[in-house]
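For reference, the structure is listed below as structure tokens.
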Amino acid sequence: MLVPNNKEPIRPTLFRKAFDLPENEQSVVKARLYITAHGVYEASVNGHRIGDEEMAPGWTSYKHRLAYQTFDVTAHLAAGKPNVLGVQVAEGWFAGRIGWENQRCFYGDRLALLAQLEVDFESGQRYTLVSDGTWKSHESATLRSEIYDGEDYDPREEKSGWNSDPNFDANSWSSTEELSFPVAKLLASDTPPVRATEEVRPVKIFKSKSGKALVDFGQNLVGKLRVRLPTSDKEGHKLTFGHAEVLEHEELGTRPLRSAKPIDNVFLSSNQPATWSPKFTFHGFRYVQVDGWPTKDGLPTQDDLTAVVLHSDLKRTGWFSCSDSLLNQLHDNVIWSMKGNFLSVPTDCPQRDERLGWTGDIQVFCPSASFLYNTQGFLGSWLGDVSAEQLEDGKNGVPGLVVPDVLGNPPNPPGPQSAWHDVTVLTPWDLYTSSGDAQILRTQYESMKAWVDKGIPRGPNGLWDQNIWQFGDWLDPAAPPSEPANGLTDGIFVADAYLVRVLETISKVSSLLGEEEDAARYTKEAATIKKAFQDQYVTPAGLLAGDTQTAHSLAISFGLLNEKDQILKSASRLCHLVHLARYRIATGFVGTPLIAHALSDTGNHQMAYRMLHEKSCPSWLYPITMGATTIWERWDSMLPDGTINPGEMTSFNHYALGSVANWMHKNVGGISPLEPGWRKIKVRPVPGGKVTSANVAYDGPYGRIESSWNIDEKDSTFKLTVVVPHNSSAVVTLPSAWKSKGQNGDEESTLVGSGKHQFSCPFEPAEWPPKAEYKRSTFRLDVGEV
């Protein structure tokens, strides 16, 4: 199974073991198969596929943690008779091509299987079968299976009966070699497995201008095809299926895939199966180009192809809808991007030669993700990889920029990074806020401390070392396509703002865990660093050294301004900048999740709505006007003329900029936790913009929470229905009780317990569209044509 020079893919391997259960034991009470692999696998007992998992055992940091699966195989065994256990293993993440530098065999260059079958009989006896040197192996009929580059299948290479017939003649098969036991910790993972969760049928099958057969599934998704194989007069006739997310000028848009070639090939034969689907790969696609379809017109029918959606099978917990169809589509796009990028690890994108667990992306998206789905097990497991790699000797508390870390060492990628590496502290806190379970904080506490105490390089004033290059407000639309870190907001400003946030968060964590000495130290340090930040960046009037939308959003949302007048001044500047930008986005990865909150929290909710409703580029709705069904990596991944953005990084499925969903749940829908775990709930819908009704629901730890409101325009009344689960309470604030900007005192609220509650109040909508405080904010000088 060695790969010459590690330059070529490893052909998938079949492993089989025939065995006899004792003839005197006729009643099997229980049978369990414990199994994992170096690679990805699919197992069967007597020809019956075991389980419905895809890409098992999933991707973890294989040098530290290797998950195994447990299956009940009782129903598939034949007591007192011969049986056979078959397992097919492909390279997957373990040995396949990974990252954009064409590296292979990152974890090892030999495919391997680890299995143990335990069969309990009524007599109390147990039969045990383990993977050892007595098993047989052979090359698979799947000639090639790569995550980035698709799969080739030739039914002429099939070994009929290899996994279903105990008497199959395997004398010509190769023996197997016992390898050293894995050094990684074997664990029964808490993360839900990858499964096929739904199917999508084609909406259009057509010929391109160049005559190519194209299939449009109407939805950008992550998964694979299931093909009803046609017949062909020519033995070995090849069908080819190429995948892409978009069309460019009515042809398959493959340039954003970079070196990835997501192409599946299947060879037709007289003994082919009725249907075929790849086993060990997945693609990000909406469109498929079909070459070689053996009909006169070269076009398959809608019954011939089905898209099978794959993702980690998390439980859905959050729902949102409102009266604006474009905002509903935006929210749907967030969900589809989350599903497609929550495949074993939280990836950045699912289509090109990357698909890595970027820490910054999930750090900003976690609050939205943990509302939409139960992410505790999924992200808890991934954070286990974060800490396992981060705490290695020589890492100095710095985790990988991607986890599992396959990028290597600085300078490419760069060294310690704010926002990205702050995932060590902020994401466990977000999970705790969502669940109320402090165990995630205890589990990750060593990781948090290692980053804060050792990982963050400091300057003489305690803030970030000025010499450290930062990703900063990554993909600020003002940055050139080839320089996505060169945005308007200084990267060190971003780092220092995040440093205050991180120190305040770890001080709360320490206190919760009873680590009082740490809590006192971090609380004191947070106050010191906040003062240093203010001295460095904030004028007494509230102006910021970095006068950008992102800078003001950070200052307001992270509580970096002490004086009320400073907060009002910063909010005023933020509104001015939003007007000046004509309500188009001027923020990147860091500012985008915060700007709507910063506006709403300072009484400028109509400005937040005005940005949300904007359709020109860059904006949240621009991609939707271009037909997007997922969140894009760049605000202008597709240019208005139908040309793909020239930047090297141009994904059409990237959830980070969809973090506005958190604001939609909290402000449009109107619910958020008043304390971790949602036992106490804040209900404060903020109607505004063009939205006249909204519904939000969340299945929290104590049950379902609902908020549904509408504006009755006939009698100018706001009507709200709230559902509070058992053993919970909610603090409800109606629009009539809102305080105006700068007004002192708390808003009048109503405390309610479990049950269904209805409220109403007079409602006069705020001015729409919102007017600027200064005329210059919206003045446009017409200079004519030059």
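For the structure tokens, the naming scheme is as follows: chains receive sequential letters (A, B, ...) according to their order of presentation, residues are indexed from 1 within each chain, and ligands are indexed from 1 in presentation order.
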Per-residue nearest contacts of range 41-75 of chain A to range 270-294 of chain A (10 Å; only C-alpha atoms) as JSON lines:
{"residue": "A:Tyr41", "atom": "CA", "partner": "A:Phe280", "partner_atom": "CA", "distance": 7.8}
{"residue": "A:Glu42", "atom": "CA", "partner": "A:Lys279", "partner_atom": "CA", "distance": 8.1}
{"residue": "A:Glu54", "atom": "CA", "partner": "A:Phe280", "partner_atom": "CA", "distance": 7.6}
{"residue": "A:Met55", "atom": "CA", "partner": "A:Phe280", "partner_atom": "CA", "distance": 6.0}
{"residue": "A:Ala56", "atom": "CA", "partner": "A:Phe280", "partner_atom": "CA", "distance": 9.1}
Selected residues written out with N, CA, C and O atoms, as a PDB file, in the first residue's frame:
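Generated file (part07.pdb):
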ATOM      1  N   TYR A  41     -13.757   4.527   5.510  1.00  0.00           N
ATOM      2  CA  TYR A  41     -14.142   3.151   5.269  1.00  0.00           C
ATOM      3  C   TYR A  41     -15.654   2.991   5.115  1.00  0.00           C
ATOM      4  O   TYR A  41     -16.445   3.851   5.511  1.00  0.00           O
ATOM      5  N   GLU A  42     -16.018   1.833   4.546  1.00  0.00           N
ATOM      6  CA  GLU A  42     -17.397   1.361   4.542  1.00  0.00           C
ATOM      7  C   GLU A  42     -17.352  -0.133   4.841  1.00  0.00           C
ATOM      8  O   GLU A  42     -16.598  -0.882   4.212  1.00  0.00           O
ATOM      9  N   GLU A  54     -21.224   8.238   6.316  1.00  0.00           N
ATOM     10  CA  GLU A  54     -20.394   8.541   5.154  1.00  0.00           C
ATOM     11  C   GLU A  54     -19.064   9.118   5.647  1.00  0.00           C
ATOM     12  O   GLU A  54     -18.999   9.816   6.657  1.00  0.00           O
ATOM     13  N   MET A  55     -18.002   8.810   4.923  1.00  0.00           N
ATOM     14  CA  MET A  55     -16.663   9.349   5.205  1.00  0.00           C
ATOM     15  C   MET A  55     -16.218   9.018   6.633  1.00  0.00           C
ATOM     16  O   MET A  55     -15.483   9.772   7.270  1.00  0.00           O
ATOM     17  N   ALA A  56     -16.656   7.871   7.159  1.00  0.00           N
ATOM     18  CA  ALA A  56     -16.236   7.437   8.493  1.00  0.00           C
ATOM     19  C   ALA A  56     -14.757   7.025   8.439  1.00  0.00           C
ATOM     20  O   ALA A  56     -14.297   6.505   7.424  1.00  0.00           O
TER      21      ALA A  56
END
Could you name the residues that touch range 147-151 of chain A at 9 Å or less, counting only C-alpha atoms, but leaving out those on the same chain fewer than 2 positions away, as a PDB file with N, CA, C and O atoms, in the first residue's frame?
ATOM      1  N   GLU A  91      -8.335   6.533   0.848  1.00  0.00           N
ATOM      2  CA  GLU A  91      -7.339   7.392   1.487  1.00  0.00           C
ATOM      3  C   GLU A  91      -7.932   8.508   2.331  1.00  0.00           C
ATOM      4  O   GLU A  91      -7.393   8.874   3.372  1.00  0.00           O
ATOM      5  N   GLY A  92      -9.049   9.113   1.902  1.00  0.00           N
ATOM      6  CA  GLY A  92      -9.681  10.169   2.678  1.00  0.00           C
ATOM      7  C   GLY A  92      -8.716  11.282   3.046  1.00  0.00           C
ATOM      8  O   GLY A  92      -7.825  11.668   2.279  1.00  0.00           O
ATOM      9  N   TRP A  93      -8.895  11.805   4.268  1.00  0.00           N
ATOM     10  CA  TRP A  93      -8.017  12.876   4.756  1.00  0.00           C
ATOM     11  C   TRP A  93      -6.674  12.317   5.234  1.00  0.00           C
ATOM     12  O   TRP A  93      -5.692  13.038   5.284  1.00  0.00           O
ATOM     13  N   GLY A  96      -4.810  11.223   1.594  1.00  0.00           N
ATOM     14  CA  GLY A  96      -5.132  11.888   0.345  1.00  0.00           C
ATOM     15  C   GLY A  96      -4.492  13.256   0.209  1.00  0.00           C
ATOM     16  O   GLY A  96      -3.873  13.777   1.137  1.00  0.00           O
ATOM     17  N   ARG A  97      -4.663  13.831  -0.946  1.00  0.00           N
ATOM     18  CA  ARG A  97      -4.154  15.190  -1.196  1.00  0.00           C
ATOM     19  C   ARG A  97      -4.900  16.169  -0.307  1.00  0.00           C
ATOM     20  O   ARG A  97      -6.136  16.150  -0.246  1.00  0.00           O
ATOM     21  N   ILE A  98      -4.135  17.027   0.347  1.00  0.00           N
ATOM     22  CA  ILE A  98      -4.769  17.932   1.305  1.00  0.00           C
ATOM     23  C   ILE A  98      -4.020  19.259   1.316  1.00  0.00           C
ATOM     24  O   ILE A  98      -2.786  19.300   1.287  1.00  0.00           O
ATOM     25  N   THR A 142     -13.195   0.469  -7.238  1.00  0.00           N
ATOM     26  CA  THR A 142     -13.030   1.920  -7.246  1.00  0.00           C
ATOM     27  C   THR A 142     -11.550   2.192  -7.485  1.00  0.00           C
ATOM     28  O   THR A 142     -10.704   1.939  -6.623  1.00  0.00           O
ATOM     29  N   LEU A 143     -11.229   2.644  -8.672  1.00  0.00           N
ATOM     30  CA  LEU A 143      -9.833   2.774  -9.089  1.00  0.00           C
ATOM     31  C   LEU A 143      -9.120   3.921  -8.391  1.00  0.00           C
ATOM     32  O   LEU A 143      -7.902   3.879  -8.191  1.00  0.00           O
ATOM     33  N   ARG A 144      -9.882   4.940  -8.043  1.00  0.00           N
ATOM     34  CA  ARG A 144      -9.310   6.153  -7.450  1.00  0.00           C
ATOM     35  C   ARG A 144     -10.424   6.861  -6.707  1.00  0.00           C
ATOM     36  O   ARG A 144     -11.550   6.957  -7.197  1.00  0.00           O
ATOM     37  N   SER A 145     -10.115   7.345  -5.508  1.00  0.00           N
ATOM     38  CA  SER A 145     -11.120   8.102  -4.758  1.00  0.00           C
ATOM     39  C   SER A 145     -10.409   9.164  -3.943  1.00  0.00           C
ATOM     40  O   SER A 145      -9.711   8.864  -2.976  1.00  0.00           O
ATOM     41  N   TYR A 153     -14.699   4.655 -11.040  1.00  0.00           N
ATOM     42  CA  TYR A 153     -15.236   3.329 -10.724  1.00  0.00           C
ATOM     43  C   TYR A 153     -15.370   2.511 -11.997  1.00  0.00           C
ATOM     44  O   TYR A 153     -15.900   2.991 -13.003  1.00  0.00           O
ATOM     45  N   GLY A 242     -18.393  16.363 -14.116  1.00  0.00           N
ATOM     46  CA  GLY A 242     -17.630  17.459 -13.544  1.00  0.00           C
ATOM     47  C   GLY A 242     -18.538  18.367 -12.731  1.00  0.00           C
ATOM     48  O   GLY A 242     -19.675  18.636 -13.134  1.00  0.00           O
ATOM     49  N   SER A 259      -6.631  24.075  -8.050  1.00  0.00           N
ATOM     50  CA  SER A 259      -6.077  22.825  -8.584  1.00  0.00           C
ATOM     51  C   SER A 259      -6.991  21.630  -8.385  1.00  0.00           C
ATOM     52  O   SER A 259      -6.713  20.543  -8.889  1.00  0.00           O
ATOM     53  N   ALA A 260      -8.083  21.800  -7.634  1.00  0.00           N
ATOM     54  CA  ALA A 260      -9.016  20.691  -7.430  1.00  0.00           C
ATOM     55  C   ALA A 260      -9.718  20.355  -8.742  1.00  0.00           C
ATOM     56  O   ALA A 260     -10.089  21.248  -9.506  1.00  0.00           O
ATOM     57  N   LYS A 261      -9.903  19.075  -8.974  1.00  0.00           N
ATOM     58  CA  LYS A 261     -10.608  18.596 -10.165  1.00  0.00           C
ATOM     59  C   LYS A 261     -11.699  17.632  -9.709  1.00  0.00           C
ATOM     60  O   LYS A 261     -11.511  16.406  -9.747  1.00  0.00           O
ATOM     61  N   PRO A 262     -12.837  18.162  -9.270  1.00  0.00           N
ATOM     62  CA  PRO A 262     -13.907  17.315  -8.732  1.00  0.00           C
ATOM     63  C   PRO A 262     -14.669  16.598  -9.846  1.00  0.00           C
ATOM     64  O   PRO A 262     -15.791  16.958 -10.193  1.00  0.00           O
ATOM     65  N   ILE A 263     -14.020  15.599 -10.406  1.00  0.00           N
ATOM     66  CA  ILE A 263     -14.555  14.884 -11.557  1.00  0.00           C
ATOM     67  C   ILE A 263     -14.690  13.413 -11.203  1.00  0.00           C
ATOM     68  O   ILE A 263     -13.733  12.768 -10.770  1.00  0.00           O
ATOM     69  N   ASP A 264     -15.880  12.874 -11.368  1.00  0.00           N
ATOM     70  CA  ASP A 264     -16.137  11.452 -11.167  1.00  0.00           C
ATOM     71  C   ASP A 264     -16.259  10.772 -12.522  1.00  0.00           C
ATOM     72  O   ASP A 264     -16.912  11.305 -13.438  1.00  0.00           O
ATOM     73  N   ASN A 265     -15.657   9.602 -12.634  1.00  0.00           N
ATOM     74  CA  ASN A 265     -15.731   8.814 -13.856  1.00  0.00           C
ATOM     75  C   ASN A 265     -16.267   7.428 -13.531  1.00  0.00           C
ATOM     76  O   ASN A 265     -15.865   6.820 -12.528  1.00  0.00           O
ATOM     77  N   VAL A 266     -17.153   6.928 -14.366  1.00  0.00           N
ATOM     78  CA  VAL A 266     -17.644   5.560 -14.221  1.00  0.00           C
ATOM     79  C   VAL A 266     -17.630   4.912 -15.601  1.00  0.00           C
ATOM     80  O   VAL A 266     -17.980   5.542 -16.606  1.00  0.00           O
ATOM     81  N   PRO A 278     -20.513   7.763  -5.884  1.00  0.00           N
ATOM     82  CA  PRO A 278     -19.184   7.699  -5.266  1.00  0.00           C
ATOM     83  C   PRO A 278     -19.283   7.361  -3.779  1.00  0.00           C
ATOM     84  O   PRO A 278     -20.257   7.738  -3.113  1.00  0.00           O
ATOM     85  N   LYS A 279     -18.287   6.678  -3.250  1.00  0.00           N
ATOM     86  CA  LYS A 279     -18.308   6.255  -1.852  1.00  0.00           C
ATOM     87  C   LYS A 279     -17.489   7.145  -0.934  1.00  0.00           C
ATOM     88  O   LYS A 279     -17.841   7.346   0.217  1.00  0.00           O
ATOM     89  N   PHE A 280     -16.360   7.663  -1.431  1.00  0.00           N
ATOM     90  CA  PHE A 280     -15.396   8.260  -0.521  1.00  0.00           C
ATOM     91  C   PHE A 280     -14.950   9.647  -0.956  1.00  0.00           C
ATOM     92  O   PHE A 280     -13.789  10.026  -0.785  1.00  0.00           O
ATOM     93  N   THR A 281     -15.855  10.410  -1.537  1.00  0.00           N
ATOM     94  CA  THR A 281     -15.559  11.793  -1.880  1.00  0.00           C
ATOM     95  C   THR A 281     -16.817  12.615  -1.703  1.00  0.00           C
ATOM     96  O   THR A 281     -17.913  12.083  -1.499  1.00  0.00           O
ATOM     97  N   PHE A 282     -16.665  13.918  -1.758  1.00  0.00           N
ATOM     98  CA  PHE A 282     -17.810  14.827  -1.749  1.00  0.00           C
ATOM     99  C   PHE A 282     -17.420  16.075  -2.529  1.00  0.00           C
ATOM    100  O   PHE A 282     -16.240  16.424  -2.633  1.00  0.00           O
ATOM    101  N   HIS A 283     -18.418  16.735  -3.068  1.00  0.00           N
ATOM    102  CA  HIS A 283     -18.184  17.907  -3.915  1.00  0.00           C
ATOM    103  C   HIS A 283     -19.088  19.053  -3.464  1.00  0.00           C
ATOM    104  O   HIS A 283     -20.191  18.833  -2.954  1.00  0.00           O
ATOM    105  N   GLN A 351     -15.347  23.070  -1.784  1.00  0.00           N
ATOM    106  CA  GLN A 351     -15.215  22.768  -3.211  1.00  0.00           C
ATOM    107  C   GLN A 351     -13.790  22.797  -3.750  1.00  0.00           C
ATOM    108  O   GLN A 351     -13.439  21.990  -4.583  1.00  0.00           O
ATOM    109  N   ARG A 352     -12.949  23.710  -3.305  1.00  0.00           N
ATOM    110  CA  ARG A 352     -11.634  23.874  -3.919  1.00  0.00           C
ATOM    111  C   ARG A 352     -10.581  23.039  -3.176  1.00  0.00           C
ATOM    112  O   ARG A 352     -10.915  22.224  -2.301  1.00  0.00           O
ATOM    113  N   ASP A 353      -9.329  23.255  -3.496  1.00  0.00           N
ATOM    114  CA  ASP A 353      -8.233  22.500  -2.888  1.00  0.00           C
ATOM    115  C   ASP A 353      -7.885  23.080  -1.520  1.00  0.00           C
ATOM    116  O   ASP A 353      -6.756  23.487  -1.254  1.00  0.00           O
ATOM    117  N   GLU A 354      -8.872  23.080  -0.631  1.00  0.00           N
ATOM    118  CA  GLU A 354      -8.698  23.640   0.707  1.00  0.00           C
ATOM    119  C   GLU A 354      -9.576  22.859   1.672  1.00  0.00           C
ATOM    120  O   GLU A 354      -9.132  21.912   2.280  1.00  0.00           O
ATOM    121  N   ARG A 355     -10.808  23.309   1.902  1.00  0.00           N
ATOM    122  CA  ARG A 355     -11.775  22.576   2.741  1.00  0.00           C
ATOM    123  C   ARG A 355     -11.195  22.300   4.127  1.00  0.00           C
ATOM    124  O   ARG A 355     -11.262  21.180   4.640  1.00  0.00           O
TER     125      ARG A 355
END
What are the nearest atom pairs, with distances in Å to one decimal, for all residues of range 66-152 of chain A that come at most 10 Å from range 183-205 of chain A, using only C-alpha atoms, set out by chain and rising residue number as CSV?
residue,atom,partner,partner_atom,distance
A:Leu66,CA,A:Leu186,CA,5.0
A:Ala67,CA,A:Leu187,CA,4.8
A:Tyr68,CA,A:Ala188,CA,5.5
A:Gln69,CA,A:Ala188,CA,6.5
A:Thr70,CA,A:Ala188,CA,8.1
Exercise. Please identify which residues in range 36-208 of chain A DSSP calls helix (DSSP H, G or I) from the backbone, and express them as a list in words.
Key: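 Filtering range 36-208 of chain A to helix (DSSP H, G or I) leaves Thr74, Ala75, His76, Gly92, Trp93, Phe94, Ala95, Pro155, Arg156 and Glu157 of chain A.
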Quiz item: Which residues, written as a PyMOL selection string, have at least one atom at most 10 Å from Phe558 in chain A, with only C-alpha atoms counted and residues fewer than 4 positions away on the same chain left out?
Solution: chain A and resi 497-498+500-502+504+552-554+594+598
Quiz item: Between A:Val119, A:Leu225, A:Ala112, A:Leu383, which one has atoms that come closest to Ser61 in chain A, using only C-alpha atoms?
Solution: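 Ranked by minimum distance to Ser61 in chain A, first place goes to A:Leu383.
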Quiz prompt | Which of A:Tyr62, A:Tyr583, A:Trp135, A:Tyr702 sits closest to Leu113 in chain A [using only C-alpha atoms] | solution = A:Trp135
Exercise: Trp620 in chain A partners within 8 Å, only C-alpha atoms, chain neighbours under 4 positions left out, as a JSON list (two decimals) with all heavy atoms, in the first residue's frame:
[["chain", "number", "residue", "atom", "x", "y", "z"],
["A", 330, "LEU", "N", -31.85, 34.99, 2.32],
["A", 330, "LEU", "CA", -30.56, 35.19, 2.98],
["A", 330, "LEU", "C", -30.38, 34.20, 4.11],
["A", 330, "LEU", "O", -29.32, 33.56, 4.25],
["A", 330, "LEU", "CB", -30.47, 36.62, 3.49],
["A", 330, "LEU", "CG", -29.26, 36.96, 4.37],
["A", 330, "LEU", "CD1", -27.96, 36.81, 3.58],
["A", 330, "LEU", "CD2", -29.39, 38.37, 4.95],
["A", 585, "ILE", "N", -21.88, 47.33, 2.34],
["A", 585, "ILE", "CA", -20.97, 46.75, 3.32],
["A", 585, "ILE", "C", -19.56, 47.34, 3.16],
["A", 585, "ILE", "O", -19.05, 47.45, 2.04],
["A", 585, "ILE", "CB", -20.91, 45.22, 3.14],
["A", 585, "ILE", "CG1", -22.27, 44.59, 3.49],
["A", 585, "ILE", "CG2", -19.78, 44.62, 3.97],
["A", 585, "ILE", "CD1", -22.59, 44.59, 4.96],
["A", 612, "LEU", "N", -29.26, 46.02, 5.77],
["A", 612, "LEU", "CA", -29.74, 44.67, 5.47],
["A", 612, "LEU", "C", -30.55, 44.63, 4.19],
["A", 612, "LEU", "O", -30.50, 43.65, 3.44],
["A", 612, "LEU", "CB", -30.57, 44.15, 6.64],
["A", 612, "LEU", "CG", -30.85, 42.64, 6.67],
["A", 612, "LEU", "CD1", -29.57, 41.84, 6.81],
["A", 612, "LEU", "CD2", -31.81, 42.32, 7.81],
["A", 613, "HIS", "N", -31.29, 45.68, 3.90],
["A", 613, "HIS", "CA", -32.14, 45.73, 2.71],
["A", 613, "HIS", "C", -31.38, 46.12, 1.44],
["A", 613, "HIS", "O", -31.92, 45.97, 0.34],
["A", 613, "HIS", "CB", -33.28, 46.73, 2.91],
["A", 613, "HIS", "CG", -34.38, 46.23, 3.80],
["A", 613, "HIS", "ND1", -35.07, 45.07, 3.56],
["A", 613, "HIS", "CD2", -34.93, 46.77, 4.93],
["A", 613, "HIS", "CE1", -35.99, 44.90, 4.50],
["A", 613, "HIS", "NE2", -35.93, 45.91, 5.34],
["A", 614, "GLU", "N", -30.15, 46.63, 1.59],
["A", 614, "GLU", "CA", -29.41, 47.11, 0.42],
["A", 614, "GLU", "C", -29.13, 45.96, -0.56],
["A", 614, "GLU", "O", -28.80, 44.84, -0.16],
["A", 614, "GLU", "CB", -28.10, 47.75, 0.87],
["A", 614, "GLU", "CG", -27.25, 48.32, -0.25],
["A", 614, "GLU", "CD", -27.99, 49.36, -1.08],
["A", 614, "GLU", "OE1", -28.73, 50.18, -0.48],
["A", 614, "GLU", "OE2", -27.81, 49.33, -2.31],
["A", 615, "LYS", "N", -29.25, 46.27, -1.86],
["A", 615, "LYS", "CA", -29.05, 45.25, -2.89],
["A", 615, "LYS", "C", -27.83, 45.48, -3.77],
["A", 615, "LYS", "O", -27.39, 44.55, -4.46],
["A", 615, "LYS", "CB", -30.29, 45.18, -3.79],
["A", 615, "LYS", "CG", -31.57, 44.78, -3.08],
["A", 615, "LYS", "CD", -32.75, 44.81, -4.04],
["A", 615, "LYS", "CE", -34.05, 44.54, -3.32],
["A", 615, "LYS", "NZ", -35.22, 44.65, -4.25],
["A", 624, "ILE", "N", -27.93, 37.51, -3.59],
["A", 624, "ILE", "CA", -29.25, 36.93, -3.84],
["A", 624, "ILE", "C", -29.82, 37.47, -5.14],
["A", 624, "ILE", "O", -30.46, 36.74, -5.92],
["A", 624, "ILE", "CB", -30.17, 37.20, -2.64],
["A", 624, "ILE", "CG1", -29.63, 36.44, -1.42],
["A", 624, "ILE", "CG2", -31.61, 36.78, -2.94],
["A", 624, "ILE", "CD1", -30.32, 36.79, -0.13],
["A", 635, "TRP", "N", -17.92, 39.45, -1.06],
["A", 635, "TRP", "CA", -19.18, 40.12, -1.35],
["A", 635, "TRP", "C", -19.47, 40.12, -2.85],
["A", 635, "TRP", "O", -20.62, 40.12, -3.26],
["A", 635, "TRP", "CB", -19.12, 41.56, -0.84],
["A", 635, "TRP", "CG", -18.92, 41.65, 0.65],
["A", 635, "TRP", "CD1", -17.79, 42.05, 1.30],
["A", 635, "TRP", "CD2", -19.87, 41.32, 1.66],
["A", 635, "TRP", "NE1", -17.98, 41.99, 2.65],
["A", 635, "TRP", "CE2", -19.25, 41.56, 2.91],
["A", 635, "TRP", "CE3", -21.18, 40.86, 1.65],
["A", 635, "TRP", "CZ2", -19.89, 41.34, 4.13],
["A", 635, "TRP", "CZ3", -21.83, 40.64, 2.86],
["A", 635, "TRP", "CH2", -21.19, 40.88, 4.07]]
Practice problem: Tell me which protein, DNA and RNA residues are within 9 Å of range 569-573 of chain A, counting only C-alpha atoms, leaving out same-chain ones fewer than 2 positions away, and put them as a list in words. | Solution: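 Using only C-alpha atoms, the neighbours found are Ala541, Gly542, Leu543, Leu544, Asp547, Thr548, Gln549, His552, Ser553, Ala555, Ile556, Leu561, Lys564, Asp565, Gln566, Ile567, Cys575, His576, Leu577, Val578, Ala598, Leu599, Thr602, Gly603, Asn604 and Glu773 of chain A.
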Quiz prompt | Who sits within 6 Å of range 654-671 of chain A, only C-alpha atoms, same chain under 5 positions skipped, as a ChimeraX atom specification | solution = /A:334,337-338,348-349,361,365,368,593,631-633,682-686,694-696
Store the residues of this selection in a file with N, CA and C atoms, as a compact mmCIF listing (two decimals), in the first residue's frame.
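Resulting contents of result-v1.txt:
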# COMPACT_ATOMS: atom_id res chain seq x y z
N VAL A 334 -27.68 31.01 4.60
CA VAL A 334 -26.83 30.76 5.76
C VAL A 334 -26.92 29.29 6.17
N SER A 337 -25.09 27.04 3.70
CA SER A 337 -23.64 27.14 3.83
C SER A 337 -23.14 26.46 5.10
N MET A 338 -23.91 26.54 6.15
CA MET A 338 -23.52 25.85 7.38
C MET A 338 -23.54 24.34 7.16
N ASP A 348 -13.92 26.01 5.83
CA ASP A 348 -14.12 27.32 5.22
C ASP A 348 -14.95 27.20 3.95
N CYS A 349 -14.67 26.15 3.16
CA CYS A 349 -15.33 25.98 1.87
C CYS A 349 -15.35 24.49 1.54
N ASP A 361 -13.07 31.59 10.86
CA ASP A 361 -14.42 31.47 10.31
C ASP A 361 -15.41 31.01 11.37
N PHE A 365 -18.68 32.78 13.46
CA PHE A 365 -19.97 32.20 13.07
C PHE A 365 -20.63 31.37 14.17
N SER A 368 -24.23 32.13 15.54
CA SER A 368 -25.29 31.82 14.57
C SER A 368 -25.46 30.31 14.45
N PRO A 593 -19.91 40.48 11.47
CA PRO A 593 -20.79 39.92 12.49
C PRO A 593 -21.25 40.93 13.54
N ILE A 631 -24.02 31.43 1.06
CA ILE A 631 -23.25 32.64 1.37
C ILE A 631 -21.92 32.57 0.64
N TRP A 632 -21.50 33.70 0.07
CA TRP A 632 -20.26 33.74 -0.69
C TRP A 632 -19.08 34.12 0.20
N GLU A 633 -17.88 33.76 -0.26
CA GLU A 633 -16.66 34.14 0.45
C GLU A 633 -16.39 35.63 0.31
N LYS A 682 -34.45 36.67 26.95
CA LYS A 682 -34.76 38.05 26.61
C LYS A 682 -35.60 38.06 25.34
N VAL A 683 -36.76 38.65 25.41
CA VAL A 683 -37.63 38.79 24.24
C VAL A 683 -37.78 40.28 23.96
N ARG A 684 -37.13 40.72 22.91
CA ARG A 684 -37.16 42.14 22.56
C ARG A 684 -37.10 42.29 21.04
N PRO A 685 -38.19 42.00 20.35
CA PRO A 685 -38.18 42.18 18.90
C PRO A 685 -37.98 43.65 18.53
N VAL A 686 -37.29 43.86 17.43
CA VAL A 686 -37.02 45.21 16.97
C VAL A 686 -37.56 45.35 15.55
N ALA A 694 -42.47 38.76 11.76
CA ALA A 694 -41.33 37.83 11.86
C ALA A 694 -41.69 36.71 12.82
N ASN A 695 -41.09 35.56 12.59
CA ASN A 695 -41.25 34.39 13.45
C ASN A 695 -39.89 33.77 13.71
N VAL A 696 -39.62 33.43 14.95
CA VAL A 696 -38.38 32.77 15.29
C VAL A 696 -38.69 31.70 16.33
